[in-house]
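Participant: Below are the structure tokens for one structure; questions will follow.
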Amino acid sequence: MALLEIEGLSRHFGGVRAVSDLSFSVNEGEILGLIGPNGSGKTTVFNLVTGFIRPHAGAIRLDGHSIVGRRPHAVARRGIARTFQIVQPFPGLSALENVTLAAFLRHPVRQDAEAAATAELKRVGLAERLHEVASQLTLMDQKRLELAKALATRPRLLLLDEPMGGLNATEVDVASDLVAQVRASGVTIVLVEHVMKAIMRISDRVVVINQGEKIAEGLPAHVVEEPAVLAAYFGKRVA
Amino acid sequence: MTRRLLPALLGVAVLTAIPLTVRNSFFLHVCILVLMWTVLGAAWNVLGGFAGQVSFGHAALFAVGAYTTIILYLKGGLAPWWGIPLGGLAAALVSVPIGLLCFRLRGPYFALATLAVAEIVKLVALNWESVTAGSVGYLITTLPPVRLLGVAVNWEGKPPFFVTAALLAVVALLLTGWLRSSRLGAYLVAIRENEDAAEAVGIDTVRAKVLTLALSAFLAGMGGGFYAFYFRYVDPDAVAGIGLSMEMVFIAVVGGLGTVGGPLIGAVFLTAVAELVRDRFQMGHLIFYGLFMMLVIRFMPEGIWGRVRRLTTRVRAGA
């Protein structure tokens, strides 16, 4: 059985169908790339899965149990963590305080939470920045912090929303390695990303959506050659 | 540890010394007001300072406490020292449905909703005459006789009220201190900093806010209960007016949002300003509150306590 199953998921905003009858599943231990042109509904899918918005139709199951209608904190407790496309730190707090707040979810005692948070910050390469205020960190470091925060909730499934957006080529390689390492530690990952180099390198499978509907699914190298995908990205004439 | 223990011991010593030594009853009255406002400022600070949820309606919770205490005494014969904590509990109970409703809104919309709630409570107090005696209000003529250590307590003097107010203020500051170091306190800071991010890392933001509002209401309700006990008169204008809500905001902001000692400092300033100008103006003190608050927000947004703390840490770091 898949770790996450999405079936017939739909959500519209007014007349705009952001996600429409979308179905796919995520297998335990894989990195699934979720790609599509701007405005195709990728972030909405994340918001639906994590409970920030409610679907109008469809099912979302984690380990076979429905999580539709649960609020974000409850979804996090069940083991789904996310990062945001635009980083969402607690801006006035230090890196350590940021991650400690997330670690409280599994460690009620402050000392334990701080220890766990320190470990996560080391893992993402922020060991030297523990006491720096989040809003003062560079974008790359804020993205690392975002990841550390998500990891500190000890997720089984991690949803990464454009973790490499705004990074330079070297930073993209570092970030890709980091994501691969997180998967190796036993966390299943769904990766929304525009940086195709990263998607091609680290995803096991790719789901392509356009205007809220799935238009292709499969191995990265195969998917990018499908006519429907080319049409969505470049227009029909190219395809 | 000694850094916290020392000021606490000093505070207790001062609080014990004042009623034993001071004979000037006006000064004692001012001290009682300071302590009462400390409780109310702390009540507002818990929600507004720590959790960043700005309420313009805390007078509603104060009113629930005041009415509970005075009605329990006049109609049920329950002495105010039982009535005050029960007033706090009643306010906490009332705050839960209010919180569940208002916390669906964020930022300025939440603030406006609390304003509306306070107005509703005032209208209920005015019109539900069978319970609240409407605009006539309630008056306590005599307090129950009590003997403490063989001595009859003199309810016409100030010392017994001072001791009660001091106890309430200590409870309020201890609760705030506990909150700051607790996990709930950390969650509140997370909510203040970024509510979506807080939810995303598994913090039940609604539960944390409702709990905090209940705590805040408990303190505000006890403050209201004390008011009824001390001033012996409760009517809708006195205990449910918007001015009261604003004064709580004033104390917390001037003293220092999200600090433990801030409300005490804010209360000292508020009471001092009020008493200094009260002779000359009827309502003039409100103008001075406003002016003072603007100055603090412009030049000292972290409040007096926050500024002092920053300066002392800088001196320590420099030394």
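Chain labels A, B, ... are given in the sequence in which chains occur in the structure tokens; within each chain residues are numbered consecutively from 1, and ligands are likewise numbered from 1 in the order shown.
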With DSSP run on the backbone, what are the helix (DSSP H, G or I) residues within region 118-217 of chain A? I'd like them as JSON, numbers by chain.
Facilitator: {"A": [118, 119, 120, 121, 122, 123, 127, 128, 129, 134, 135, 136, 139, 140, 141, 142, 143, 144, 145, 146, 147, 148, 149, 150, 151, 152, 169, 170, 171, 172, 173, 174, 175, 176, 177, 178, 179, 180, 181, 182, 183, 184, 196, 197, 198, 199, 200, 201, 202]}
Participant: With the cut-off set at 9 Å and counting only C-alpha atoms, tabulate each residue of chain A with an atom at most that distance from an atom of chain B, showing the nearest atom pair and its distance in Å to one decimal, ordered by chain and increasing number, as a tab-separated table.
Facilitator:
residue	atom	partner	partner_atom	distance
A:Thr50	CA	B:Ala200	CA	7.9
A:Phe52	CA	B:Asp196	CA	8.5
A:Arg71	CA	B:Glu199	CA	8.2
A:Pro72	CA	B:Glu199	CA	5.6
A:His73	CA	B:Gly202	CA	3.7
A:Ala74	CA	B:Gly202	CA	6.4
A:Val75	CA	B:Gly202	CA	7.5
A:Ala76	CA	B:Gly202	CA	5.0
A:Arg77	CA	B:Gly202	CA	5.8
A:Ala81	CA	B:Ala200	CA	7.0
A:Arg82	CA	B:Ala200	CA	6.9
A:Thr83	CA	B:Ala200	CA	8.3
A:Phe84	CA	B:Ala197	CA	8.7
A:Gln88	CA	B:Ala197	CA	5.8
A:Pro89	CA	B:Ala197	CA	6.8
A:Phe90	CA	B:Glu193	CA	5.1
A:Pro91	CA	B:Glu193	CA	6.5
A:Gly92	CA	B:Glu193	CA	6.9
A:Leu93	CA	B:Glu193	CA	8.3
A:Glu97	CA	B:Ala186	CA	8.9
A:Asn98	CA	B:Ala190	CA	8.2
A:Leu101	CA	B:Ala186	CA	7.0
A:Ala102	CA	B:Val201	CA	5.0
A:Ala103	CA	B:Val201	CA	8.2
A:Phe104	CA	B:Arg183	CA	7.8
A:Leu105	CA	B:Gly202	CA	6.1
A:Pro108	CA	B:Arg183	CA	7.6
A:Val109	CA	B:Arg183	CA	8.2
A:Arg110	CA	B:Arg183	CA	7.5
A:Lys149	CA	B:Val201	CA	7.2
A:Ala150	CA	B:Val201	CA	6.6
A:Ala152	CA	B:Val201	CA	8.3
A:Thr153	CA	B:Val201	CA	6.3
Participant: Name all residues at most 7 Å from region 80-85 of chain B (count only C-alpha atoms; drop same-chain ones fewer than 2 positions away) and give them as a ChimeraX atom specification.
Facilitator: /B:68-69,72-73,78,87-89,222,225-226,229
Participant: Just the residues within 12 Å of Asp177 (chain A), please, counting only C-alpha atoms, with nothing from its chain fewer than 2 positions along; format it as a list of chain:residue names.
Facilitator: A:Arg123, A:Val124, A:Gly125, A:Met164, A:Thr170, A:Glu171, A:Val172, A:Asp173, A:Val174, A:Ala175, A:Val179, A:Ala180, A:Gln181, A:Val182, A:Arg183, A:Ala184, A:Ala198, A:Ile199, A:Arg201, A:Ile202, A:Ser203
Participant: Skipping near chain neighbours, those fewer than 6 positions away, what residues fall within 9 Å of region 271-287 of chain B using only C-alpha atoms, listed as number ranges by chain?
Facilitator: B: 30-31, 33-34, 37, 243, 247
Participant: To test your reading of the structure, identify every residue in region 85-314 of chain B that backbone DSSP assigns to strand (DSSP E), and report it as a ChimeraX atom specification.
Facilitator: /B:138-139,147-148,151-152,233-234
Participant: Would you output that residue set with N, CA and C atoms, as a short mmCIF file (atom, residue, chain, number, x, y, z; two decimals), in the first residue's frame?
Facilitator:
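As a result, again.cif now contains:
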data_model
loop_
_atom_site.label_atom_id
_atom_site.label_comp_id
_atom_site.auth_asym_id
_atom_site.auth_seq_id
_atom_site.Cartn_x
_atom_site.Cartn_y
_atom_site.Cartn_z
N TYR B 138 -25.21 47.56 41.72
CA TYR B 138 -25.21 46.97 43.05
C TYR B 138 -24.28 47.74 43.96
N LEU B 139 -24.68 47.79 45.23
CA LEU B 139 -23.88 48.49 46.22
C LEU B 139 -23.68 47.58 47.42
N ARG B 147 -12.36 37.80 61.84
CA ARG B 147 -11.28 37.95 62.84
C ARG B 147 -10.06 37.22 62.30
N LEU B 148 -8.97 37.93 62.25
CA LEU B 148 -7.73 37.33 61.77
C LEU B 148 -6.71 37.38 62.90
N VAL B 151 -7.76 39.38 65.85
CA VAL B 151 -8.06 40.81 65.71
C VAL B 151 -9.17 40.98 64.67
N ALA B 152 -10.15 41.80 64.97
CA ALA B 152 -11.22 42.06 64.00
C ALA B 152 -10.66 42.88 62.84
N TYR B 233 -19.08 49.01 44.62
CA TYR B 233 -20.16 49.45 43.73
C TYR B 233 -19.89 48.96 42.31
N VAL B 234 -20.90 48.37 41.69
CA VAL B 234 -20.75 47.85 40.34
C VAL B 234 -21.95 48.28 39.51
#
